[in-house]
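Asker: The file below is final.cif, mmCIF, C-alpha atoms and all ligand atoms:
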data_query
#
loop_
_atom_site.label_atom_id
_atom_site.label_comp_id
_atom_site.auth_asym_id
_atom_site.auth_seq_id
_atom_site.Cartn_x
_atom_site.Cartn_y
_atom_site.Cartn_z
CA MET Z 16 60.09 12.33 15.06
CA TYR Z 17 58.54 9.28 16.68
CA LEU Z 18 58.99 6.04 14.72
CA THR Z 19 57.24 2.75 15.34
CA LYS Z 20 59.29 -0.41 15.75
CA GLU Z 21 58.39 -1.44 12.21
CA GLU Z 22 59.46 1.95 10.80
CA GLU Z 23 62.76 1.69 12.66
CA ARG Z 24 63.33 -1.76 11.22
CA ILE Z 25 62.78 -0.46 7.70
CA LEU Z 26 65.12 2.45 8.39
CA LYS Z 27 67.84 0.01 9.45
CA GLY Z 28 67.53 -1.75 6.10
CA GLU Z 29 65.91 -4.93 7.44
CA GLU Z 30 63.31 -4.87 4.65
CA GLY Z 31 65.69 -4.17 1.79
CA TYR Z 32 67.68 -1.34 0.27
CA ALA Z 33 64.90 0.47 -1.65
CA LYS Z 34 62.52 0.53 1.31
CA GLN Z 35 65.35 1.78 3.52
CA LYS Z 36 66.10 4.62 1.07
CA ALA Z 37 62.39 5.49 0.86
CA MET Z 38 62.11 5.56 4.65
CA GLU Z 39 65.22 7.76 4.86
CA ILE Z 40 63.54 10.30 2.55
CA VAL Z 41 60.26 10.52 4.48
CA VAL Z 42 62.03 10.60 7.85
CA ALA Z 43 64.40 13.34 6.67
CA LEU Z 44 61.42 15.39 5.45
CA GLY Z 45 59.60 14.82 8.71
CA ASP Z 46 62.64 15.97 10.71
CA ILE Z 47 63.12 19.07 8.53
CA TYR Z 48 59.48 20.14 8.85
CA GLY Z 49 58.99 19.17 12.49
CA ALA Z 50 56.52 16.30 11.96
CA ASP Z 51 55.62 14.36 15.12
CA ARG Z 52 55.14 11.01 13.31
CA LEU Z 53 54.38 9.32 10.03
CA ILE Z 54 50.75 8.90 8.95
CA ARG Z 55 49.21 6.39 6.56
CA ILE Z 56 48.27 7.55 3.08
CA SER Z 57 45.67 6.10 0.74
CA SER Z 58 47.33 7.07 -2.55
CA ALA Z 59 50.38 8.67 -4.12
CA GLN Z 60 50.70 10.61 -7.36
CA ILE Z 61 54.27 10.73 -8.58
CA ALA Z 62 55.87 13.46 -10.69
CA GLY Z 63 59.17 12.96 -12.50
CA VAL Z 64 57.96 10.80 -15.36
CA SER Z 65 58.99 12.51 -18.57
CA TYR Z 66 62.33 11.69 -20.15
CA THR Z 67 62.74 15.44 -20.75
CA SER Z 68 62.88 16.08 -17.01
CA LEU Z 69 64.40 12.80 -15.72
CA GLY Z 70 67.14 12.20 -18.27
CA ASP Z 71 69.38 9.11 -18.33
CA GLU Z 72 70.47 9.44 -14.69
CA GLY Z 73 66.86 9.41 -13.56
CA ILE Z 74 66.21 6.21 -15.53
CA GLU Z 75 69.21 4.51 -13.95
CA TRP Z 76 68.14 5.59 -10.45
CA LEU Z 77 64.61 4.25 -10.96
CA GLU Z 78 65.93 0.99 -12.36
CA SER Z 79 68.26 0.62 -9.36
CA LEU Z 80 65.26 0.32 -7.03
CA GLY Z 81 64.94 -3.29 -8.12
CA ASN Z 82 62.04 -5.42 -6.97
CA CYS Z 83 60.63 -3.16 -4.30
CA HIS Z 84 56.84 -2.67 -4.43
CA VAL Z 85 54.65 0.32 -3.58
CA ALA Z 86 52.41 -0.12 -0.54
CA VAL Z 87 49.47 2.01 -1.74
CA LEU Z 88 47.66 2.93 -4.94
CA ALA Z 89 50.18 5.00 -6.89
CA THR Z 90 49.85 6.71 -10.27
CA LEU Z 91 52.09 8.90 -12.40
CA ASN Z 92 52.20 12.43 -13.68
CA PRO Z 93 52.11 12.84 -17.48
CA ALA Z 94 55.01 11.69 -19.59
CA SER Z 95 56.32 13.75 -22.49
CA ILE Z 96 54.73 11.66 -25.26
CA ASP Z 97 51.51 9.79 -25.91
CA LEU Z 98 52.46 6.25 -24.93
CA GLU Z 99 50.32 4.75 -27.70
CA SER Z 100 50.22 7.37 -30.45
CA TRP Z 101 53.73 8.78 -30.05
CA MET Z 102 54.48 8.14 -33.72
CA ASP Z 103 51.59 10.44 -34.75
CA MET Z 104 53.27 13.18 -32.70
CA GLY Z 105 56.40 12.80 -34.82
CA VAL Z 106 58.58 11.67 -31.90
CA SER Z 107 61.75 9.69 -32.64
CA GLN Z 108 62.08 6.01 -31.76
CA GLU Z 109 65.13 6.78 -29.63
CA TYR Z 110 63.29 9.32 -27.49
CA ALA Z 111 60.23 7.06 -27.17
CA SER Z 112 62.28 4.07 -26.03
CA LYS Z 113 63.83 6.13 -23.19
CA GLN Z 114 60.34 7.24 -22.14
CA PHE Z 115 59.15 3.61 -22.16
CA ARG Z 116 62.06 2.55 -19.94
CA ILE Z 117 60.88 5.07 -17.34
CA ILE Z 118 57.30 3.81 -17.43
CA GLN Z 119 58.51 0.19 -17.21
CA ALA Z 120 60.69 1.00 -14.19
CA TYR Z 121 57.70 2.53 -12.37
CA THR Z 122 55.45 -0.35 -13.40
CA ARG Z 123 57.94 -2.84 -11.96
CA LEU Z 124 57.56 -1.02 -8.64
CA GLY Z 125 53.81 -1.59 -8.82
CA VAL Z 126 52.94 1.98 -9.83
CA LYS Z 127 49.93 2.11 -12.16
CA PRO Z 128 50.89 3.58 -15.53
CA ILE Z 129 48.02 6.09 -15.38
CA CYS Z 130 49.96 9.17 -16.46
CA SER Z 131 47.74 12.11 -15.71
CA CYS Z 132 47.71 15.40 -13.83
CA THR Z 133 43.98 14.85 -13.21
CA PRO Z 134 43.89 11.45 -11.46
CA TYR Z 135 40.59 12.57 -9.88
CA LEU Z 136 39.07 12.44 -13.40
CA ALA Z 137 40.50 8.96 -13.88
CA GLY Z 138 38.60 7.47 -10.94
CA ILE Z 139 41.15 8.18 -8.19
CA ILE Z 140 39.11 10.37 -5.90
CA PRO Z 141 40.38 10.60 -2.32
CA ARG Z 142 37.65 11.12 0.27
CA PHE Z 143 37.28 14.21 2.44
CA GLY Z 144 39.96 14.27 5.16
CA GLU Z 145 41.93 11.39 3.65
CA HIS Z 146 45.74 11.72 3.75
CA ILE Z 147 47.54 11.31 0.43
CA ALA Z 148 50.96 12.17 -1.07
CA TRP Z 149 50.49 13.80 -4.45
CA SER Z 150 53.04 15.83 -6.30
CA GLU Z 151 51.57 17.53 -9.37
CA SER Z 152 50.80 21.07 -8.22
CA SER Z 153 47.37 21.44 -9.88
CA ALA Z 154 46.30 17.98 -8.68
CA VAL Z 155 47.49 18.88 -5.18
CA CYS Z 156 45.41 22.09 -5.28
CA PHE Z 157 42.34 20.20 -6.51
CA ALA Z 158 42.68 17.39 -3.96
CA ASN Z 159 43.19 19.74 -1.01
CA SER Z 160 40.73 22.44 -1.98
CA VAL Z 161 37.91 20.83 -3.96
CA LEU Z 162 37.94 17.30 -2.51
CA GLY Z 163 39.07 18.23 1.02
CA ALA Z 164 41.77 15.53 1.01
CA ARG Z 165 45.10 16.35 2.66
CA THR Z 166 48.45 16.47 0.94
CA ASN Z 167 51.56 18.57 0.88
CA ARG Z 168 52.99 19.50 -2.46
CA GLU Z 169 55.33 16.55 -2.74
CA GLY Z 170 58.34 16.31 -5.01
CA GLY Z 171 58.60 13.27 -7.29
CA PRO Z 172 61.12 11.44 -5.03
CA SER Z 173 59.15 12.11 -1.83
CA ALA Z 174 55.85 10.97 -3.42
CA LEU Z 175 57.57 7.78 -4.61
CA ALA Z 176 59.14 7.26 -1.17
CA SER Z 177 55.72 7.73 0.47
CA ALA Z 178 54.19 5.27 -1.98
CA ILE Z 179 56.84 2.68 -1.06
CA VAL Z 180 56.45 3.04 2.71
CA GLY Z 181 52.71 3.84 2.52
CA LYS Z 182 53.18 6.82 4.82
CA THR Z 183 54.01 10.51 4.84
CA PRO Z 184 55.27 12.83 7.59
CA ASN Z 185 52.51 14.55 9.54
CA TYR Z 186 53.14 18.23 8.85
CA GLY Z 187 51.94 21.10 6.63
CA PHE Z 188 48.53 20.62 5.02
CA HIS Z 189 47.91 17.37 6.91
CA LEU Z 190 47.31 19.50 10.02
CA ASP Z 191 44.10 21.49 10.69
CA GLU Z 192 45.92 24.65 11.75
CA ASN Z 193 47.72 25.01 8.40
CA ARG Z 194 44.48 24.82 6.39
CA LYS Z 195 43.17 28.23 7.49
CA ALA Z 196 43.05 31.12 5.03
CA THR Z 197 45.92 33.57 5.11
CA VAL Z 198 44.61 36.10 2.59
CA LEU Z 199 41.13 37.14 1.48
CA ILE Z 200 40.80 37.77 -2.26
CA ASN Z 201 37.74 39.77 -3.15
CA VAL Z 202 36.91 39.00 -6.78
CA ASP Z 203 35.24 42.02 -8.24
CA VAL Z 204 34.83 40.85 -11.81
CA LYS Z 205 32.67 38.23 -13.48
CA LEU Z 206 34.86 35.49 -14.90
CA GLU Z 207 33.55 34.14 -18.20
CA THR Z 208 35.93 31.44 -19.35
CA LEU Z 209 38.26 28.79 -17.94
CA SER Z 210 41.20 30.90 -19.08
CA ASP Z 211 39.82 33.75 -16.91
CA TYR Z 212 39.89 31.41 -13.89
CA SER Z 213 43.37 30.34 -14.88
CA ALA Z 214 44.46 33.99 -15.15
CA LEU Z 215 42.99 34.79 -11.72
CA GLY Z 216 44.93 31.88 -10.22
CA TYR Z 217 48.09 33.05 -11.93
CA TRP Z 218 47.65 36.64 -10.69
CA VAL Z 219 47.09 35.50 -7.09
CA GLY Z 220 50.03 33.08 -7.26
CA LYS Z 221 52.28 35.85 -8.57
CA THR Z 222 51.03 38.33 -6.00
CA ILE Z 223 51.13 36.32 -2.78
CA THR Z 224 53.40 33.40 -3.89
CA SER Z 225 52.47 31.27 -0.85
CA GLY Z 226 49.79 30.88 1.82
CA VAL Z 227 46.12 29.91 1.61
CA PRO Z 228 43.89 32.25 -0.41
CA TYR Z 229 40.18 32.54 0.38
CA PHE Z 230 38.11 33.75 -2.56
CA ARG Z 231 35.00 35.84 -2.06
CA GLY Z 232 32.78 36.85 -4.97
CA LEU Z 233 33.63 33.87 -7.17
CA LYS Z 234 30.62 31.96 -8.47
CA PRO Z 235 32.02 28.78 -10.03
CA ASN Z 236 29.46 26.74 -11.97
CA ARG Z 237 31.57 23.69 -12.67
CA SER Z 238 34.56 21.90 -11.19
CA GLU Z 239 36.60 22.66 -14.33
CA GLU Z 240 36.70 26.31 -13.24
CA LEU Z 241 38.22 25.28 -9.90
CA LYS Z 242 40.64 22.99 -11.72
CA ALA Z 243 41.78 25.94 -13.86
CA LEU Z 244 42.03 28.25 -10.84
CA GLY Z 245 44.18 25.77 -8.89
CA ALA Z 246 46.49 25.19 -11.84
CA GLY Z 247 47.13 28.94 -12.15
CA LEU Z 248 47.72 29.26 -8.39
CA GLY Z 249 50.14 26.35 -8.30
CA ALA Z 250 52.08 27.50 -11.37
CA ALA Z 251 52.85 31.05 -10.32
CA GLY Z 252 53.50 30.32 -6.65
CA SER Z 253 53.78 27.48 -4.19
CA ILE Z 254 50.10 27.51 -3.26
CA ALA Z 255 48.63 24.08 -2.51
CA LEU Z 256 45.25 24.90 -0.95
CA TYR Z 257 42.58 27.55 -1.46
CA HIS Z 258 39.01 28.10 -0.35
CA VAL Z 259 36.08 29.54 -2.28
CA GLU Z 260 33.19 30.96 -0.29
CA GLU Z 261 30.01 28.90 -0.69
CA ALA Z 262 31.81 26.46 -2.99
CA THR Z 263 34.67 24.43 -1.50
CA PRO Z 264 34.19 21.99 1.41
CA GLU Z 265 36.26 23.68 4.12
CA TYR Z 266 35.42 27.33 3.51
CA LYS Z 267 33.17 27.72 6.60
CA ASP Z 268 35.97 27.28 9.14
CA ALA Z 269 38.77 28.63 6.97
CA LEU Z 270 38.45 32.36 7.43
CA ILE Z 271 39.90 33.86 10.58
CA ASP Z 272 39.94 37.57 11.45
CA GLN Z 273 42.93 39.67 10.63
CA VAL Z 274 43.93 38.25 7.30
CA GLU Z 275 45.44 40.33 4.55
CA ARG Z 276 42.91 41.49 1.92
CA LEU Z 277 43.35 41.92 -1.81
CA ASN Z 278 40.99 42.97 -4.57
CA PHE Z 279 40.92 41.45 -8.06
CA SER Z 280 39.19 43.77 -10.51
CA SER Z 281 38.42 43.68 -14.23
CA ARG Z 282 41.52 45.81 -14.67
CA ASP Z 283 43.66 43.18 -12.95
CA LEU Z 284 42.19 40.53 -15.22
CA THR Z 285 42.97 42.54 -18.36
CA GLU Z 286 46.43 43.39 -17.10
CA THR Z 287 47.16 39.73 -16.32
CA TYR Z 288 46.43 38.83 -19.92
CA ASP Z 289 48.42 41.80 -21.26
CA GLU Z 290 51.34 41.82 -18.89
CA TYR Z 291 52.29 38.19 -18.58
CA PHE Z 292 51.15 36.67 -21.87
CA LYS Z 293 51.11 37.37 -25.61
CA PRO Z 294 47.59 37.29 -27.11
CA VAL Z 295 46.81 34.65 -29.70
CA ASN Z 296 47.47 35.79 -33.27
CA GLY Z 297 47.62 34.47 -36.82
CA SER Z 298 51.17 33.12 -36.55
CA VAL Z 299 50.13 30.15 -34.42
CA GLU Z 300 50.95 26.70 -35.87
CA LEU Z 301 49.94 24.54 -32.93
CA VAL Z 302 47.08 24.91 -30.47
CA ALA Z 303 47.61 22.79 -27.36
CA ILE Z 304 44.67 22.47 -24.97
CA GLY Z 305 44.49 20.39 -21.81
CA CYS Z 306 46.63 21.78 -19.01
CA PRO Z 307 45.53 20.27 -16.66
CA HIS Z 308 44.23 17.31 -18.67
CA MET Z 309 40.76 17.93 -20.12
CA SER Z 310 37.55 16.56 -18.67
CA LEU Z 311 34.84 15.16 -20.91
CA SER Z 312 32.87 18.35 -20.50
CA GLU Z 313 35.86 20.42 -21.69
CA LEU Z 314 36.19 18.18 -24.74
CA GLU Z 315 32.49 18.85 -25.41
CA ASP Z 316 33.18 22.59 -25.23
CA ALA Z 317 35.96 22.18 -27.77
CA VAL Z 318 33.77 20.13 -30.09
CA LYS Z 319 31.06 22.81 -30.04
CA ILE Z 320 33.60 25.33 -31.36
CA LEU Z 321 35.24 22.88 -33.77
CA LYS Z 322 32.03 21.62 -35.36
CA ASN Z 323 31.84 22.68 -39.02
CA ARG Z 324 35.39 24.01 -38.90
CA HIS Z 325 38.62 22.45 -40.14
CA VAL Z 326 42.24 22.81 -39.08
CA LYS Z 327 44.13 24.99 -41.59
CA LYS Z 328 46.88 23.49 -43.72
CA GLY Z 329 50.21 23.53 -41.86
CA CYS Z 330 48.53 23.88 -38.45
CA LYS Z 331 47.59 21.42 -35.73
CA ILE Z 332 45.26 21.21 -32.72
CA TRP Z 333 46.21 18.84 -29.95
CA PHE Z 334 43.94 18.10 -27.01
CA PHE Z 335 45.49 16.45 -23.94
CA THR Z 336 43.57 14.23 -21.56
CA SER Z 337 43.73 11.01 -19.57
CA ILE Z 338 43.18 7.64 -21.17
CA GLY Z 339 39.89 7.13 -19.31
CA VAL Z 340 38.42 10.41 -20.55
CA LYS Z 341 39.60 9.68 -24.09
CA LYS Z 342 37.74 6.37 -24.02
CA LEU Z 343 34.57 8.13 -22.87
CA ALA Z 344 35.02 10.74 -25.62
CA GLU Z 345 35.32 7.95 -28.14
CA LYS Z 346 32.13 6.30 -26.89
CA CYS Z 347 30.09 9.48 -27.16
CA GLY Z 348 31.37 10.40 -30.61
CA LEU Z 349 33.47 13.43 -29.63
CA LEU Z 350 36.69 11.85 -30.83
CA ARG Z 351 35.30 11.32 -34.32
CA ILE Z 352 34.27 14.99 -34.62
CA ILE Z 353 37.69 16.16 -33.44
CA LYS Z 354 39.48 13.85 -35.88
CA ASN Z 355 37.20 14.84 -38.76
CA ALA Z 356 38.06 18.46 -38.06
CA GLY Z 357 41.78 17.62 -38.23
CA GLY Z 358 42.47 17.64 -34.48
CA GLU Z 359 44.17 15.01 -32.33
CA VAL Z 360 43.52 13.82 -28.78
CA TYR Z 361 46.63 12.69 -26.93
CA THR Z 362 46.81 10.93 -23.59
CA ASP Z 363 49.41 10.22 -20.88
CA CYS Z 364 51.44 13.30 -21.75
CA CYS Z 365 51.98 16.98 -21.05
CA MET Z 366 52.35 19.70 -23.66
CA ALA Z 367 54.94 21.55 -21.57
CA LEU Z 368 57.20 18.50 -21.56
CA ALA Z 369 56.67 17.40 -25.15
CA PRO Z 370 59.70 18.04 -27.38
CA LEU Z 371 57.78 20.76 -29.31
CA LYS Z 372 60.83 22.52 -30.70
CA ASP Z 373 62.33 19.29 -32.03
CA LEU Z 374 58.97 18.59 -33.66
CA GLY Z 375 59.34 21.84 -35.61
CA PHE Z 376 56.86 24.11 -33.82
CA LYS Z 377 57.72 27.75 -33.23
CA ASN Z 378 54.42 29.38 -32.24
CA VAL Z 379 52.03 27.62 -29.89
CA ALA Z 380 48.71 28.85 -28.44
CA VAL Z 381 47.28 27.65 -25.12
CA ASP Z 382 44.25 28.53 -22.98
CA SER Z 383 45.87 27.86 -19.61
CA ALA Z 384 48.13 30.24 -17.71
CA LYS Z 385 50.03 27.27 -16.33
CA ALA Z 386 50.61 25.94 -19.83
CA ALA Z 387 51.70 29.38 -21.02
CA PHE Z 388 54.21 29.64 -18.19
CA TYR Z 389 55.71 26.15 -18.39
CA THR Z 390 55.54 25.64 -22.14
CA SER Z 391 57.56 28.76 -22.82
CA LEU Z 392 59.95 27.96 -19.97
CA LEU Z 393 60.57 24.31 -20.83
CA THR Z 394 60.12 24.01 -24.58
CA LYS Z 395 61.48 27.44 -25.63
CA VAL Z 396 58.78 27.98 -28.27
CA ASN Z 397 56.80 31.25 -28.55
CA VAL Z 398 53.64 30.82 -26.50
CA PHE Z 399 50.42 32.75 -26.96
CA TYR Z 400 47.50 32.84 -24.53
CA GLY Z 401 43.79 33.11 -25.17
CA ASN Z 402 40.49 31.48 -24.33
CA LEU Z 403 39.44 28.20 -25.91
CA LYS Z 404 37.50 29.91 -28.72
CA ASN Z 405 40.34 32.29 -29.66
CA CYS Z 406 42.82 29.44 -29.65
CA ILE Z 407 40.75 27.06 -31.78
CA GLU Z 408 39.70 29.77 -34.24
CA SER Z 409 43.31 30.85 -34.74
CA VAL Z 410 44.19 27.60 -36.53
CA THR Z 411 40.86 26.58 -38.07
CA GLU Z 412 38.56 27.84 -40.81
CA GLY Z 413 34.83 27.45 -41.25
FE1 LIG Z 501 49.37 18.75 -16.51
FE2 LIG Z 501 51.56 19.40 -17.78
FE3 LIG Z 501 49.79 21.19 -17.28
S1 LIG Z 501 51.40 18.06 -16.05
S2 LIG Z 501 48.89 20.58 -15.36
S3 LIG Z 501 49.51 19.40 -18.61
S4 LIG Z 501 51.98 21.53 -17.22
#
Transcribe the structure of this file into structure tokens.

Answerer:
Amino acid sequence: MYLTKEEERILKGEEGYAKQKAMEIVVALGDIYGADRLIRISSAQIAGVSYTSLGDEGIEWLESLGNCHVAVLATLNPASIDLESWMDMGVSQEYASKQFRIIQAYTRLGVKPICSCTPYLAGIIPRFGEHIAWSESSAVCFANSVLGARTNREGGPSALASAIVGKTPNYGFHLDENRKATVLINVDVKLETLSDYSALGYWVGKTITSGVPYFRGLKPNRSEELKALGAGLGAAGSIALYHVEEATPEYKDALIDQVERLNFSSRDLTETYDEYFKPVNGSVELVAIGCPHMSLSELEDAVKILKNRHVKKGCKIWFFTSIGVKKLAEKCGLLRIIKNAGGEVYTDCCMALAPLKDLGFKNVAVDSAKAAFYTSLLTKVNVFYGNLKNCIESVTEG
């Protein structure tokens, strides 16, 4: 891979140890994937934030990077606890202090402590065609597909390395030729809820596992549906880009002849719910909504269902969002209604990484296929799947 004089200097360690290590990572990736050069990025979104996934070794590694500083706007994926209201979650002081060390280590590097899987709802909106290095799979899908920005699905270390050098190797989804559709999905069923979109994404991810799906027959009305679709796609497979006919910005040039074709019918939708997930039932103690983090409009949806209802004794409803959206929800009175109904809104954190078992939960309901997949995998609680209304009604009474 071609390197400029300045890049070579960094690689030789002439600008310090941390920058050298970061350059080594991006150059190694570029060599592995056949990149011709490094390209500038406008932002990075870094996974590997929760203490649950990083552990003590991860903290020490981050702290060893010293006084190096990121070169571009960089934000974080969710942590495992609400950084302000962690005590309300019932988290121990010991766990919280480890989580804070991680956030402090990133902050020292100049990374903004915006811990969200929906940075595009927190004001970080890359422009069409802009190169970025994001790592959270649903955010990657949204940035590539809905915004038309360009990113590979970075790992935490490679996103951090790209943030430090301000560049990423020019391969994969940064190149026009890799953004064409590889499979046409004919959607033959009307999707009614965000969890339906999530289930469609999950089914496609499971079925094709990689490539670039092109959806025909989908009629999304709001970006939240595309957010849910991308999260499902990214969870069940390694998909990082999709196109929706008449809806996403690159669909016109995306479809080439001779792609594989698949049909998604009402039967597939029903089977996805039945085969992969357990339906919500009366045993649920915790409803966790917000995977990916909720938009203001999704919080409004929740409030419409919650109004005049109250969380049952012994149960909880947690809504997860970014700090910016929570502030907006507070301003327009949504937060008060949620609190009055007995619910909580948490920020900066991810339900699938929260120490749910240690907090005493056994049965948790979610409305996102991604949440269902990761929460059961990572937290080892029983996870049930339904739409927003089913979930909320399972732990509330009118
Ligand atoms: Fe976000 Fe966690 Fe879901 S990072 S997309 S809430 S699994």

Asker: Would you kindly return, as a list in words, each protein, DNA or RNA residue with an atom no farther than 10 Å from any atom of Ala174 (chain Z), considering all atoms listed in the file and excluding same-chain residues fewer than 5 positions away?

Answerer: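 My list of contacting residues is Ala37, Ile40, Val41, Ser58, Ala59, Gln60, Ile61, Ala62, Gly63, Ala89, Leu91, Ile147, Ala148, Trp149, Ser150, Glu151, Asn167, Arg168, Glu169, Ile179, Gly181, Lys182 and Thr183 of chain Z.
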
Asker: Selected residues, C-alpha atoms, written as a short mmCIF file (atom, residue, chain, number, x, y, z; two decimals), keeping the file's coordinate frame, please.

Answerer:
data_model
loop_
_atom_site.label_atom_id
_atom_site.label_comp_id
_atom_site.auth_asym_id
_atom_site.auth_seq_id
_atom_site.Cartn_x
_atom_site.Cartn_y
_atom_site.Cartn_z
CA ALA Z 37 62.39 5.49 0.86
CA ILE Z 40 63.54 10.30 2.55
CA VAL Z 41 60.26 10.52 4.48
CA SER Z 58 47.33 7.07 -2.55
CA ALA Z 59 50.38 8.67 -4.12
CA GLN Z 60 50.70 10.61 -7.36
CA ILE Z 61 54.27 10.73 -8.58
CA ALA Z 62 55.87 13.46 -10.69
CA GLY Z 63 59.17 12.96 -12.50
CA ALA Z 89 50.18 5.00 -6.89
CA LEU Z 91 52.09 8.90 -12.40
CA ILE Z 147 47.54 11.31 0.43
CA ALA Z 148 50.96 12.17 -1.07
CA TRP Z 149 50.49 13.80 -4.45
CA SER Z 150 53.04 15.83 -6.30
CA GLU Z 151 51.57 17.53 -9.37
CA ASN Z 167 51.56 18.57 0.88
CA ARG Z 168 52.99 19.50 -2.46
CA GLU Z 169 55.33 16.55 -2.74
CA ILE Z 179 56.84 2.68 -1.06
CA GLY Z 181 52.71 3.84 2.52
CA LYS Z 182 53.18 6.82 4.82
CA THR Z 183 54.01 10.51 4.84
#

Asker: Output the neighbourhood of ligand LIG 501 (chain Z) as number ranges by chain, that is, all protein and nucleic acid residues with some atom at most 7 Å from the ligand, counting all atoms listed in the file.

Answerer: Z: 92-93, 131-132, 151, 153, 246, 305-308, 365-368, 385-386, 389

Asker: When distances are computed from only C-alpha atoms, which of Z:Leu301, Z:Cys330, Z:Leu53, Z:Cys130 shows the smallest separation from Val398 (chain Z)?

Answerer: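 Among the listed residues, the smallest separation from Val398 (chain Z) belongs to Z:Leu301.
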
Asker: Go through Z:Phe376, Z:Tyr186, Z:Tyr121, Z:Tyr288 one by one, measure the shortest atom-to-atom distance of each to Ser213 (chain Z) using all atoms listed in the file, and give the residue with the smallest value.

Answerer: Z:Tyr288

Asker: Nearest to Glu240 (chain Z): which of Z:Leu69, Z:Val198, Z:Val161, Z:Ala269 is it, counting only C-alpha atoms?

Answerer: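 Comparing Z:Leu69, Z:Val198, Z:Val161, Z:Ala269 against Glu240 (chain Z), the winner is Z:Val161.
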
Asker: From (39.6, 31.3, -33.3), in the file's coordinates, out to 12 Å: which residues are reached, counting only C-alpha atoms? Answer as number ranges by chain.

Answerer: Z: 294-297, 299, 302, 317, 320-321, 324-327, 332, 380-382, 400-413

Asker: Z:Val318, Z:Leu124, Z:Leu18, Z:Pro184: which is nearest Gly45 (chain Z), counting only C-alpha atoms?

Answerer: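 With only C-alpha atoms as the atom set, the closest residue is Z:Pro184.
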
Asker: Would you mind reading off the distance between CA of Lys319 (chain Z) and CA of Asp103 (chain Z), one decimal, in Å?

Answerer: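 We find that CA of Lys319 (chain Z) and CA of Asp103 (chain Z) lie 24.4 Å from each other.
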
Asker: So, counting all atoms listed in the file, which residue among Z:Leu88, Z:Glu29, Z:Arg116, Z:Asn185 is closest to Gly49 (chain Z)?

Answerer: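 Under the stated criterion, the closest residue is Z:Asn185.
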
Asker: Have a look at CA of Leu209 (chain Z) and CA of Leu241 (chain Z) and let me know their distance in Å, one decimal.

Answerer: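 Answer for the CA of Leu209 (chain Z) to CA of Leu241 (chain Z) separation: 8.8 Å.
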
Asker: Find the axis-aligned box for region 125-142 of chain Z, covering all its listed atoms and adding 4 Å on each side, and write its centre and edge lengths in Å to one decimal as lines of an AutoDock Vina configuration file.

Answerer:
center_x = 45.7
center_y = 6.9
center_z = -8.1
size_x = 24.2
size_y = 25.0
size_z = 24.7

Asker: Looking at Z:Val64, Z:Lys372, Z:Ala43, Z:Lys267, which one is nearest to Ile129 (chain Z), with distances taken over only C-alpha atoms?

Answerer: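 Between Z:Val64, Z:Lys372, Z:Ala43, Z:Lys267, the residue approaching Ile129 (chain Z) most closely is Z:Val64.
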
Asker: Hey, what's within 8 Å of region 336-340 of chain Z if we count all atoms listed in the file and toss same-chain stuff fewer than 4 positions away? As a list in words, please?

Answerer: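 Near region 336-340 of chain Z, the qualifying residues are Ile129, Cys130, Ser131, Thr133, Leu136, Ala137, Gly305, His308, Met309, Ser310, Leu311, Ala344, Val360, Tyr361, Thr362, Asp363 and Cys364 of chain Z.
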
Asker: Take CA of His84 (chain Z) and CA of Ala178 (chain Z) and report the distance between them in Å, one decimal.

Answerer: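 Value for the CA of His84 (chain Z)-CA of Ala178 (chain Z) distance: 8.7 Å.
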